[in-house]
>>> print(open('protein.pdb').read())   # PDB, C-alpha atoms
ATOM      1  CA  MET E   5       0.000   0.000   0.000  1.00  0.00           C
ATOM      2  CA  PRO E   6       1.604   3.339  -1.065  1.00  0.00           C
ATOM      3  CA  SER E   7       1.987   6.240   1.339  1.00  0.00           C
ATOM      4  CA  GLN E   8       0.729   9.783   0.826  1.00  0.00           C
ATOM      5  CA  PRO E   9       2.631  11.573  -1.977  1.00  0.00           C
ATOM      6  CA  SER E  10       5.181  14.170  -0.931  1.00  0.00           C
ATOM      7  CA  ARG E  11       5.291  17.715  -2.384  1.00  0.00           C
ATOM      8  CA  SER E  12       7.277  16.439  -5.342  1.00  0.00           C
ATOM      9  CA  GLY E  13       4.778  13.602  -5.943  1.00  0.00           C
ATOM     10  CA  ILE E  14       6.980  10.758  -4.672  1.00  0.00           C
ATOM     11  CA  VAL E  15       5.190   7.893  -2.938  1.00  0.00           C
ATOM     12  CA  THR E  16       6.865   5.185  -0.845  1.00  0.00           C
ATOM     13  CA  ASP E  17       5.657   1.612  -0.979  1.00  0.00           C
ATOM     14  CA  GLU E  18       5.385   0.605   2.689  1.00  0.00           C
ATOM     15  CA  THR E  19       5.875  -3.104   2.059  1.00  0.00           C
ATOM     16  CA  SER E  20       9.009  -2.974  -0.145  1.00  0.00           C
ATOM     17  CA  GLY E  21      10.277   0.550   0.803  1.00  0.00           C
ATOM     18  CA  GLU E  22      10.709   1.513  -2.854  1.00  0.00           C
ATOM     19  CA  ARG E  23      10.102   5.123  -3.798  1.00  0.00           C
ATOM     20  CA  GLN E  24       8.573   6.152  -7.111  1.00  0.00           C
ATOM     21  CA  ILE E  25       6.531   8.776  -8.900  1.00  0.00           C
ATOM     22  CA  PRO E  26       3.324   6.886  -9.859  1.00  0.00           C
ATOM     23  CA  GLU E  27       1.814   6.725 -13.334  1.00  0.00           C
ATOM     24  CA  SER E  28      -0.176   9.796 -14.367  1.00  0.00           C
ATOM     25  CA  MET E  29      -2.269  11.010 -17.281  1.00  0.00           C
ATOM     26  CA  ARG E  30      -1.054  13.746 -19.592  1.00  0.00           C
ATOM     27  CA  ALA E  31      -3.412  16.429 -20.897  1.00  0.00           C
ATOM     28  CA  ASP E  32      -3.618  14.693 -24.265  1.00  0.00           C
ATOM     29  CA  GLY E  33      -4.819  11.444 -22.643  1.00  0.00           C
ATOM     30  CA  THR E  34      -1.597   9.394 -22.833  1.00  0.00           C
ATOM     31  CA  THR E  35      -0.114   7.832 -19.704  1.00  0.00           C
ATOM     32  CA  ARG E  36       3.204   8.702 -18.098  1.00  0.00           C
ATOM     33  CA  LYS E  37       5.231   5.707 -16.872  1.00  0.00           C
ATOM     34  CA  ALA E  38       6.045   5.341 -13.182  1.00  0.00           C
ATOM     35  CA  ILE E  39       9.520   6.666 -12.362  1.00  0.00           C
ATOM     36  CA  LYS E  40      11.661   4.868  -9.781  1.00  0.00           C
ATOM     37  CA  ILE E  41      13.591   7.099  -7.363  1.00  0.00           C
ATOM     38  CA  LYS E  42      17.046   6.078  -6.132  1.00  0.00           C
ATOM     39  CA  PRO E  43      17.351   5.487  -2.388  1.00  0.00           C
ATOM     40  CA  GLY E  44      18.611   8.559  -0.496  1.00  0.00           C
ATOM     41  CA  TYR E  45      17.618  11.074  -3.177  1.00  0.00           C
ATOM     42  CA  ARG E  46      15.594  14.059  -1.942  1.00  0.00           C
ATOM     43  CA  PRO E  47      14.215  16.394  -4.595  1.00  0.00           C
ATOM     44  CA  PRO E  48      14.464  20.153  -3.929  1.00  0.00           C
ATOM     45  CA  GLU E  49      10.703  20.391  -3.388  1.00  0.00           C
ATOM     46  CA  ASP E  50      10.929  18.035  -0.389  1.00  0.00           C
ATOM     47  CA  VAL E  51      13.884  19.782   1.298  1.00  0.00           C
ATOM     48  CA  GLU E  52      12.742  21.945   4.210  1.00  0.00           C
ATOM     49  CA  LEU E  53      13.751  25.576   3.980  1.00  0.00           C
ATOM     50  CA  TYR E  54      16.502  26.673   6.316  1.00  0.00           C
ATOM     51  CA  LYS E  55      15.137  29.070   8.902  1.00  0.00           C
ATOM     52  CA  ASN E  56      17.642  31.567  10.203  1.00  0.00           C
ATOM     53  CA  ARG E  57      16.471  32.393  13.721  1.00  0.00           C
ATOM     54  CA  THR E  58      18.414  35.649  13.863  1.00  0.00           C
ATOM     55  CA  ALA E  59      16.903  36.917  10.613  1.00  0.00           C
ATOM     56  CA  GLU E  60      13.446  35.807  11.715  1.00  0.00           C
ATOM     57  CA  ASP E  61      13.853  37.601  15.042  1.00  0.00           C
ATOM     58  CA  PHE E  62      14.986  40.700  13.170  1.00  0.00           C
ATOM     59  CA  ARG E  63      11.874  40.624  10.961  1.00  0.00           C
ATOM     60  CA  ASN E  64       9.641  40.210  14.014  1.00  0.00           C
ATOM     61  CA  ARG E  65      11.474  42.785  16.131  1.00  0.00           C
ATOM     62  CA  GLY E  66       8.594  45.273  16.413  1.00  0.00           C
ATOM     63  CA  LYS E  67       5.888  42.721  17.129  1.00  0.00           C
ATOM     64  CA  GLY E  68       6.969  41.414  20.504  1.00  0.00           C
ATOM     65  CA  GLY E  69       8.026  43.121  23.693  1.00  0.00           C
ATOM     66  CA  ILE E  70      11.545  43.924  24.753  1.00  0.00           C
ATOM     67  CA  PRO E  71      13.513  40.714  25.400  1.00  0.00           C
ATOM     68  CA  GLY E  72      14.111  40.183  29.095  1.00  0.00           C
ATOM     69  CA  ALA E  73      11.663  42.902  30.114  1.00  0.00           C
ATOM     70  CA  GLU E  74       9.052  40.555  31.614  1.00  0.00           C
ATOM     71  CA  GLY E  75      10.511  40.780  35.099  1.00  0.00           C
ATOM     72  CA  TRP E  76      11.248  44.516  34.815  1.00  0.00           C
ATOM     73  CA  LYS E  77       7.790  45.671  35.939  1.00  0.00           C
ATOM     74  CA  GLU E  78       7.918  43.406  38.954  1.00  0.00           C
ATOM     75  CA  ALA E  79      11.267  44.773  40.118  1.00  0.00           C
ATOM     76  CA  LYS E  80      11.132  47.213  42.998  1.00  0.00           C
ATOM     77  CA  PRO E  81      12.198  50.757  42.162  1.00  0.00           C
ATOM     78  CA  GLU E  82      15.631  51.358  43.621  1.00  0.00           C
ATOM     79  CA  ALA E  83      16.229  54.222  45.998  1.00  0.00           C
ATOM     80  CA  PRO E  84      18.005  57.127  44.283  1.00  0.00           C
ATOM     81  CA  SER E  85      21.773  56.959  44.564  1.00  0.00           C
ATOM     82  CA  ALA E  86      23.854  59.492  46.430  1.00  0.00           C
ATOM     83  CA  ALA E  87      25.106  61.007  43.183  1.00  0.00           C
ATOM     84  CA  SER E  88      21.585  61.495  41.799  1.00  0.00           C
ATOM     85  CA  ASN E  89      20.511  63.108  45.101  1.00  0.00           C
ATOM     86  CA  LYS E  90      23.485  65.445  44.928  1.00  0.00           C
ATOM     87  CA  ASN E  91      22.712  66.377  41.309  1.00  0.00           C
ATOM     88  CA  ALA E  92      19.068  67.022  42.177  1.00  0.00           C
ATOM     89  CA  LYS E  93      20.123  69.349  45.006  1.00  0.00           C
ATOM     90  CA  ARG E  94      22.469  71.202  42.640  1.00  0.00           C
ATOM     91  CA  ARG E  95      19.667  71.648  40.087  1.00  0.00           C
ATOM     92  CA  GLU E  96      17.358  73.040  42.760  1.00  0.00           C
ATOM     93  CA  ALA E  97      20.070  75.402  44.006  1.00  0.00           C
ATOM     94  CA  ARG E  98      20.670  76.676  40.431  1.00  0.00           C
ATOM     95  CA  LYS E  99      16.933  77.267  39.936  1.00  0.00           C
ATOM     96  CA  LYS E 100      16.750  79.201  43.221  1.00  0.00           C
ATOM     97  CA  ALA E 101      19.811  81.266  42.323  1.00  0.00           C
ATOM     98  CA  LYS E 102      18.442  81.993  38.870  1.00  0.00           C
ATOM     99  CA  SER E 103      15.048  83.034  40.226  1.00  0.00           C
ATOM    100  CA  ALA E 104      16.770  85.188  42.899  1.00  0.00           C
ATOM    101  CA  ASN E 105      18.836  86.935  40.172  1.00  0.00           C
ATOM    102  CA  GLU E 106      15.760  87.627  38.052  1.00  0.00           C
ATOM    103  CA  ALA E 107      13.562  88.800  40.946  1.00  0.00           C
ATOM    104  CA  PRO E 108      15.340  92.027  42.190  1.00  0.00           C
ATOM    105  CA  GLY E 109      14.212  94.403  39.427  1.00  0.00           C
ATOM    106  CA  ALA E 110      12.776  94.409  35.943  1.00  0.00           C
ATOM    107  CA  GLY E 111      14.934  97.389  34.862  1.00  0.00           C
ATOM    108  CA  ASP E 112      18.142  95.626  35.882  1.00  0.00           C
ATOM    109  CA  ASP E 113      17.242  92.530  33.835  1.00  0.00           C
ATOM    110  CA  ASN E 114      18.086  94.247  30.564  1.00  0.00           C
ATOM    111  CA  ALA E 115      21.528  95.326  31.740  1.00  0.00           C
ATOM    112  CA  ALA E 116      22.469  92.107  33.530  1.00  0.00           C
ATOM    113  CA  PRO E 117      22.331  89.679  30.575  1.00  0.00           C
ATOM    114  CA  SER E 118      24.519  91.902  28.398  1.00  0.00           C
ATOM    115  CA  THR E 119      27.239  92.081  31.072  1.00  0.00           C
ATOM    116  CA  GLU E 120      27.013  88.341  31.690  1.00  0.00           C
ATOM    117  CA  THR E 121      27.325  87.393  28.032  1.00  0.00           C
ATOM    118  CA  LYS E 122      30.236  89.711  27.216  1.00  0.00           C
ATOM    119  CA  PRO E 123      32.860  87.842  29.274  1.00  0.00           C
ATOM    120  CA  GLU E 124      31.869  84.578  27.586  1.00  0.00           C
ATOM    121  CA  GLU E 125      32.005  86.101  24.093  1.00  0.00           C
ATOM    122  CA  GLU E 126      35.248  88.006  24.641  1.00  0.00           C
ATOM    123  CA  VAL E 127      38.163  85.783  23.777  1.00  0.00           C
ATOM    124  CA  ASP E 128      41.768  86.858  23.896  1.00  0.00           C
ATOM    125  CA  PRO E 129      42.820  87.004  20.224  1.00  0.00           C
ATOM    126  CA  GLU E 130      46.407  86.142  21.182  1.00  0.00           C
ATOM    127  CA  ALA E 131      45.232  83.004  23.009  1.00  0.00           C
ATOM    128  CA  GLU E 132      43.087  82.001  20.009  1.00  0.00           C
ATOM    129  CA  LYS E 133      46.078  82.529  17.734  1.00  0.00           C
ATOM    130  CA  GLU E 134      48.289  80.332  19.926  1.00  0.00           C
ATOM    131  CA  LYS E 135      45.615  77.661  20.153  1.00  0.00           C
ATOM    132  CA  LYS E 136      45.256  77.537  16.369  1.00  0.00           C
ATOM    133  CA  ALA E 137      49.055  77.478  16.003  1.00  0.00           C
ATOM    134  CA  ARG E 138      49.313  74.537  18.427  1.00  0.00           C
ATOM    135  CA  ASN E 139      46.672  72.680  16.434  1.00  0.00           C
ATOM    136  CA  LEU E 140      48.459  73.375  13.141  1.00  0.00           C
ATOM    137  CA  LYS E 141      51.807  72.396  14.680  1.00  0.00           C
ATOM    138  CA  LYS E 142      50.324  69.067  15.778  1.00  0.00           C
ATOM    139  CA  LYS E 143      48.910  68.403  12.290  1.00  0.00           C
ATOM    140  CA  LEU E 144      52.237  69.372  10.714  1.00  0.00           C
ATOM    141  CA  LYS E 145      54.145  66.981  13.003  1.00  0.00           C
ATOM    142  CA  GLN E 146      51.776  64.125  12.075  1.00  0.00           C
ATOM    143  CA  ALA E 147      52.130  64.913   8.379  1.00  0.00           C
ATOM    144  CA  LYS E 148      55.939  64.985   8.615  1.00  0.00           C
ATOM    145  CA  ASP E 149      55.955  61.657  10.475  1.00  0.00           C
ATOM    146  CA  LEU E 150      53.791  60.146   7.738  1.00  0.00           C
ATOM    147  CA  LYS E 151      56.108  61.590   5.080  1.00  0.00           C
ATOM    148  CA  ASN E 152      59.080  59.931   6.807  1.00  0.00           C
ATOM    149  CA  LYS E 153      57.205  56.618   6.885  1.00  0.00           C
ATOM    150  CA  LYS E 154      56.428  56.946   3.195  1.00  0.00           C
ATOM    151  CA  GLU E 155      60.076  57.675   2.404  1.00  0.00           C
ATOM    152  CA  GLY E 156      61.006  54.664   4.547  1.00  0.00           C
ATOM    153  CA  GLY E 157      59.036  52.451   2.183  1.00  0.00           C
ATOM    154  CA  GLU E 158      55.815  51.920   4.166  1.00  0.00           C
ATOM    155  CA  SER E 159      52.497  52.056   2.316  1.00  0.00           C
ATOM    156  CA  LEU E 160      50.065  54.751   3.452  1.00  0.00           C
ATOM    157  CA  LEU E 161      46.302  54.964   3.435  1.00  0.00           C
ATOM    158  CA  PRO E 162      44.635  57.540   1.160  1.00  0.00           C
ATOM    159  CA  GLU E 163      43.790  59.757   4.178  1.00  0.00           C
ATOM    160  CA  GLN E 164      47.420  59.667   5.272  1.00  0.00           C
ATOM    161  CA  ILE E 165      48.624  60.587   1.782  1.00  0.00           C
ATOM    162  CA  ALA E 166      46.220  63.559   1.830  1.00  0.00           C
ATOM    163  CA  LYS E 167      47.829  64.712   5.109  1.00  0.00           C
ATOM    164  CA  VAL E 168      51.315  64.480   3.554  1.00  0.00           C
ATOM    165  CA  ILE E 169      50.175  66.581   0.589  1.00  0.00           C
ATOM    166  CA  LYS E 170      48.922  69.332   2.944  1.00  0.00           C
ATOM    167  CA  ILE E 171      52.318  69.957   4.577  1.00  0.00           C
ATOM    168  CA  ASN E 172      53.016  73.149   2.559  1.00  0.00           C
ATOM    169  CA  GLU E 173      49.504  74.437   3.226  1.00  0.00           C
ATOM    170  CA  LEU E 174      49.960  73.927   6.980  1.00  0.00           C
ATOM    171  CA  ILE E 175      53.310  75.755   6.879  1.00  0.00           C
ATOM    172  CA  ARG E 176      51.653  78.687   5.020  1.00  0.00           C
ATOM    173  CA  GLU E 177      48.884  78.867   7.640  1.00  0.00           C
ATOM    174  CA  LEU E 178      51.455  78.874  10.454  1.00  0.00           C
ATOM    175  CA  GLU E 179      53.394  81.673   8.734  1.00  0.00           C
ATOM    176  CA  ALA E 180      50.187  83.675   8.326  1.00  0.00           C
ATOM    177  CA  LEU E 181      49.680  83.403  12.104  1.00  0.00           C
ATOM    178  CA  GLY E 182      53.245  84.603  12.690  1.00  0.00           C
ATOM    179  CA  PHE E 183      54.908  81.276  13.412  1.00  0.00           C
ATOM    180  CA  ASP E 184      57.719  79.490  11.592  1.00  0.00           C
ATOM    181  CA  ALA E 185      57.547  75.977  10.095  1.00  0.00           C
ATOM    182  CA  ASP E 186      58.447  74.415  13.478  1.00  0.00           C
ATOM    183  CA  GLY E 187      55.509  76.135  15.179  1.00  0.00           C
ATOM    184  CA  GLU E 188      57.725  78.613  17.071  1.00  0.00           C
ATOM    185  CA  PRO E 189      57.010  82.372  16.987  1.00  0.00           C
ATOM    186  CA  LYS E 190      58.962  84.127  14.228  1.00  0.00           C
ATOM    187  CA  ALA E 191      62.182  85.893  15.213  1.00  0.00           C
ATOM    188  CA  THR E 192      60.860  89.328  14.137  1.00  0.00           C
ATOM    189  CA  ASP E 193      57.800  88.971  16.375  1.00  0.00           C
ATOM    190  CA  ALA E 194      59.946  87.776  19.266  1.00  0.00           C
ATOM    191  CA  ASN E 195      62.365  90.735  18.862  1.00  0.00           C
ATOM    192  CA  ALA E 196      59.505  93.221  18.682  1.00  0.00           C
ATOM    193  CA  SER E 197      57.918  91.808  21.829  1.00  0.00           C
ATOM    194  CA  THR E 198      61.254  91.879  23.725  1.00  0.00           C
ATOM    195  CA  LYS E 199      61.999  95.468  22.657  1.00  0.00           C
ATOM    196  CA  ALA E 200      58.587  96.790  23.647  1.00  0.00           C
ATOM    197  CA  PRO E 201      58.926  96.132  27.437  1.00  0.00           C
ATOM    198  CA  SER E 202      62.428  97.647  27.547  1.00  0.00           C
ATOM    199  CA  GLU E 203      61.251 100.880  25.914  1.00  0.00           C
ATOM    200  CA  SER E 204      58.325 101.410  28.271  1.00  0.00           C
TER
END
>>> encode(input="protein.pdb", output="structure tokens")
Amino acid sequence: MPSQPSRSGIVTDETSGERQIPESMRADGTTRKAIKIKPGYRPPEDVELYKNRTAEDFRNRGKGGIPGAEGWKEAKPEAPSAASNKNAKRREARKKAKSANEAPGAGDDNAAPSTETKPEEEVDPEAEKEKKARNLKKKLKQAKDLKNKKEGGESLLPEQIAKVIKINELIRELEALGFDADGEPKATDANASTKAPSES
């Protein structure tokens, strides 16, 4: 007695264990012969699809809850830590100080913000110049190191090659700020600054 046909139409004879595709009728009325199947052969139609659990979880990511969150609601809320208490006190103190500063007079409010913002906006141009020079000096040193590596025969990444190409540009920027190629103040600027205190 044959078993139920699989998706590919193969039936297995339960008594002999032989597998075959049984005879069938074509559309024109002729019969197709039964086809014997070799033992161990599985046609592609009968092979189960591989299910990747990770990909399936990714596709279903919005449908379920957060993994591991079942016990979260049951957990007791922890007492605030010392650091969070301290930060909360600081926030309250700032709010009180801010409200105390705003409360004294409406006429003073207009003058106060302008005096408070000026110190933040005012930046020593000399300090800015030195800061930019330090930054350029650092970039120049990196570029020179990369150039030495390249001359030593090492291969460089495209970003590193771009840094090597910019060496002259960095030197020009340093000179525009009044520094030499080593990042030191130029001799003329140094002489002018040393003469000025002696004259006054």
>>> resolve_selection(input="protein.pdb", expression="the PyMOL selection byres ((chain E and resi 136-143) around 9)", output="list of chain:residue names")
E:Ala131, E:Glu132, E:Lys133, E:Glu134, E:Lys135, E:Leu144, E:Lys145, E:Gln146, E:Ala147, E:Lys148, E:Lys167, E:Ile171, E:Leu174, E:Ile175, E:Glu177, E:Leu178, E:Leu181, E:Gly182, E:Phe183, E:Ala185, E:Asp186, E:Gly187, E:Glu188
>>> residues_around(input="protein.pdb", residues="region 18-20 of chain E", least_positions_apart="4", cutoff="12 Å", atoms="all atoms listed in the file", output="list of chain:residue names")
E:Met5, E:Pro6, E:Ser7, E:Gln8, E:Gln24
>>> atom_distance(input="protein.pdb", atom1="CA of Arg46 (chain E)", atom2="CA of Gly13 (chain E)")
11.5 Å
>>> residues_around(input="protein.pdb", residues="region 149-158 of chain E", least_positions_apart="6", cutoff="9 Å", atoms="only C-alpha atoms", output="list in words")
Gln164, Ile165, Lys167, Val168 and Ile169 of chain E
>>> atom_distance(input="protein.pdb", atom1="CA of Ser28 (chain E)", atom2="CA of Arg11 (chain E)")
15.4 Å
>>> atom_distance(input="protein.pdb", atom1="CA of Asp184 (chain E)", atom2="CA of Ala166 (chain E)")
21.9 Å
>>> residues_around(input="protein.pdb", residues="Val51 (chain E)", least_positions_apart="6", cutoff="12 Å", atoms="all atoms listed in the file", output="list in words")
Ser10, Arg11, Ser12 and Tyr45 of chain E
